[in-house]
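*Asks:* Once you've had a glance at the structure underneath, I'll fire off some questions.
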Amino acid sequence: MTGTSLAAAVQTGAMNADLFPVVAALAKIEDGHLYAMIDAVDELTPSLPGGLAAWLRHILDWEAGRRHGYDRPLRSPWEAIDDSERVASIATAIALCDGFALRAAADAPVPTALLATVVNVLVSGATRH
């Protein structure tokens, strides 16, 4: 968020406070890992629930854009994930997180942390929607 603090973004409605953990996890990812995750989501898209794939790509693109000075809204997962996909999206996000955790190299814990954060946001948000 160019020139805008996270607190200001929430106050102005530019970002939902529930997404702070996602923003924090994204910020910790090195550029190489970020672009590798974008490629991985692109490869996995045919096997992911459509809304989950769209939201994962959105948050990764949002972070890549933020690093290049673009200021655009970070969308809630529920703007992309339809009610009919909620359970499948949560289950798939958990499986992705577990899969990455099992295969993670010693130098790649951050992408796993992002996926764990995504799972937490999806689970906590599903109980409110």
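Residues are named by chain letter and number: chains run A, B, ... in the order of the structure tokens, numbers start at 1 in each chain, and ligands are numbered from 1 in the order shown.
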Residues at most 7 Å from region 39-50 of chain A, counting only C-alpha atoms, excluding those fewer than 3 positions away in the same chain, as an mmCIF file with C-alpha atoms, in the first residue's frame?
*Replies:*
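The new file result_25.cif reads:
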```cif
data_model
loop_
_atom_site.group_PDB
_atom_site.id
_atom_site.type_symbol
_atom_site.label_atom_id
_atom_site.label_comp_id
_atom_site.auth_asym_id
_atom_site.auth_seq_id
_atom_site.Cartn_x
_atom_site.Cartn_y
_atom_site.Cartn_z
ATOM 1 C CA TYR A 35 6.981 -15.749 -8.162
ATOM 2 C CA ALA A 36 7.413 -19.495 -7.614
ATOM 3 C CA ALA A 53 -7.521 -20.369 -7.269
ATOM 4 C CA ALA A 54 -8.706 -16.870 -8.179
ATOM 5 C CA ARG A 57 -3.683 -15.605 -7.525
ATOM 6 C CA GLU A 85 -17.170 -23.731 -2.837
ATOM 7 C CA ALA A 88 -14.023 -27.508 -0.741
ATOM 8 C CA SER A 89 -11.866 -24.363 -0.696
#
```
*Asks:* Could you pull the residues within 12 Å of Asp61 (chain A), counting only C-alpha atoms, minus those fewer than 2 positions along the same chain, as a CSV table (one decimal) with N, CA and C atoms, in the first residue's frame?
*Replies:*
```csv
chain,number,residue,atom,x,y,z
A,26,LEU,N,2.5,-12.3,3.4
A,26,LEU,CA,3.0,-12.0,2.0
A,26,LEU,C,4.3,-11.2,2.1
A,31,ASP,N,11.2,-12.4,-3.1
A,31,ASP,CA,10.7,-12.3,-4.4
A,31,ASP,C,10.7,-13.6,-5.2
A,34,LEU,N,7.9,-15.7,-4.0
A,34,LEU,CA,6.6,-15.2,-4.4
A,34,LEU,C,6.3,-15.6,-5.9
A,35,TYR,N,7.2,-15.4,-6.8
A,35,TYR,CA,7.0,-15.7,-8.2
A,35,TYR,C,6.9,-17.3,-8.4
A,36,ALA,N,7.6,-18.0,-7.6
A,36,ALA,CA,7.4,-19.5,-7.6
A,36,ALA,C,6.0,-19.9,-7.2
A,37,MET,N,5.5,-19.2,-6.2
A,37,MET,CA,4.1,-19.5,-5.7
A,37,MET,C,3.1,-19.1,-6.8
A,38,ILE,N,3.3,-18.0,-7.5
A,38,ILE,CA,2.4,-17.6,-8.6
A,38,ILE,C,2.4,-18.7,-9.6
A,39,ASP,N,3.6,-19.2,-10.0
A,39,ASP,CA,3.7,-20.3,-11.0
A,39,ASP,C,3.0,-21.5,-10.5
A,41,VAL,N,0.5,-21.8,-8.3
A,41,VAL,CA,-1.0,-21.6,-8.4
A,41,VAL,C,-1.4,-21.7,-9.8
A,42,ASP,N,-0.7,-21.2,-10.7
A,42,ASP,CA,-1.1,-21.3,-12.2
A,42,ASP,C,-1.1,-22.8,-12.6
A,54,ALA,N,-8.6,-18.3,-7.8
A,54,ALA,CA,-8.7,-16.9,-8.2
A,54,ALA,C,-8.2,-16.0,-7.0
A,55,TRP,N,-8.6,-16.4,-5.8
A,55,TRP,CA,-8.2,-15.5,-4.6
A,55,TRP,C,-6.7,-15.7,-4.3
A,56,LEU,N,-6.2,-16.9,-4.4
A,56,LEU,CA,-4.8,-17.1,-4.2
A,56,LEU,C,-4.0,-16.3,-5.2
A,57,ARG,N,-4.4,-16.4,-6.5
A,57,ARG,CA,-3.7,-15.6,-7.5
A,57,ARG,C,-3.8,-14.1,-7.2
A,58,HIS,N,-5.0,-13.7,-6.8
A,58,HIS,CA,-5.2,-12.3,-6.5
A,58,HIS,C,-4.2,-11.8,-5.4
A,59,ILE,N,-4.1,-12.5,-4.3
A,59,ILE,CA,-3.3,-12.1,-3.2
A,59,ILE,C,-1.8,-12.1,-3.6
A,63,GLU,N,0.5,-8.7,-3.9
A,63,GLU,CA,1.8,-8.5,-3.3
A,63,GLU,C,2.9,-8.1,-4.3
A,64,ALA,N,2.9,-8.8,-5.4
A,64,ALA,CA,3.8,-8.4,-6.5
A,64,ALA,C,3.6,-7.0,-6.9
A,65,GLY,N,2.4,-6.6,-7.1
A,65,GLY,CA,2.1,-5.2,-7.5
A,65,GLY,C,2.5,-4.2,-6.4
A,66,ARG,N,2.2,-4.6,-5.1
A,66,ARG,CA,2.6,-3.7,-4.0
A,66,ARG,C,4.1,-3.4,-4.0
A,67,ARG,N,4.9,-4.4,-4.3
A,67,ARG,CA,6.3,-4.3,-4.4
A,67,ARG,C,6.8,-3.4,-5.5
A,68,HIS,N,6.0,-3.2,-6.5
A,68,HIS,CA,6.3,-2.4,-7.6
A,68,HIS,C,5.6,-1.0,-7.5
A,70,TYR,N,2.3,-0.4,-6.9
A,70,TYR,CA,0.8,-0.3,-7.2
A,70,TYR,C,0.0,-0.3,-6.0
A,71,ASP,N,-1.0,0.5,-5.9
A,71,ASP,CA,-1.9,0.6,-4.8
A,71,ASP,C,-3.3,0.3,-5.2
A,72,ARG,N,-3.7,-1.0,-4.9
A,72,ARG,CA,-5.0,-1.4,-5.2
A,72,ARG,C,-5.6,-2.2,-4.1
A,73,PRO,N,-6.9,-2.3,-4.0
A,73,PRO,CA,-7.5,-3.0,-2.9
A,73,PRO,C,-7.2,-4.5,-2.8
A,74,LEU,N,-7.0,-5.0,-1.6
A,74,LEU,CA,-6.8,-6.4,-1.4
A,74,LEU,C,-8.2,-6.9,-1.1
A,75,ARG,N,-8.7,-7.9,-1.9
A,75,ARG,CA,-10.0,-8.4,-1.8
A,75,ARG,C,-10.2,-9.5,-0.8
```
*Asks:* Interatomic distance between CA of Ala95 (chain A) and CA of Trp78 (chain A)?
*Replies:*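 Calculated distance between CA of Ala95 (chain A) and CA of Trp78 (chain A) is 19.3 Å.
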*Asks:* So that I can see what lies close to Pro21 (chain A), please list as a list in words the residues with an atom at most 12 Å from it, counting only C-alpha atoms and leaving out residues fewer than 4 positions away in the same chain.
*Replies:*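 Listed by chain and then number, they are Leu6, Met15, Asn16, Ala17, Ala25, Leu26, Ala27, Lys28, Ile59, Ala113, Leu114, Leu115, Ala116, Thr117, Val118, Val119, Asn120, Val121 and Leu122 of chain A.
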*Asks:* What does the distance between CA of Ala80 (chain A) and CA of Gly32 (chain A) come to in Å, to one decimal place?
*Replies:* 25.8 Å
*Asks:* Got a sec to tell me which of region 16-122 of chain A DSSP assigns to alpha helix (DSSP H), as a ChimeraX atom specification?
*Replies:* /A:20-27,31-44,50-67,86-103,109-122
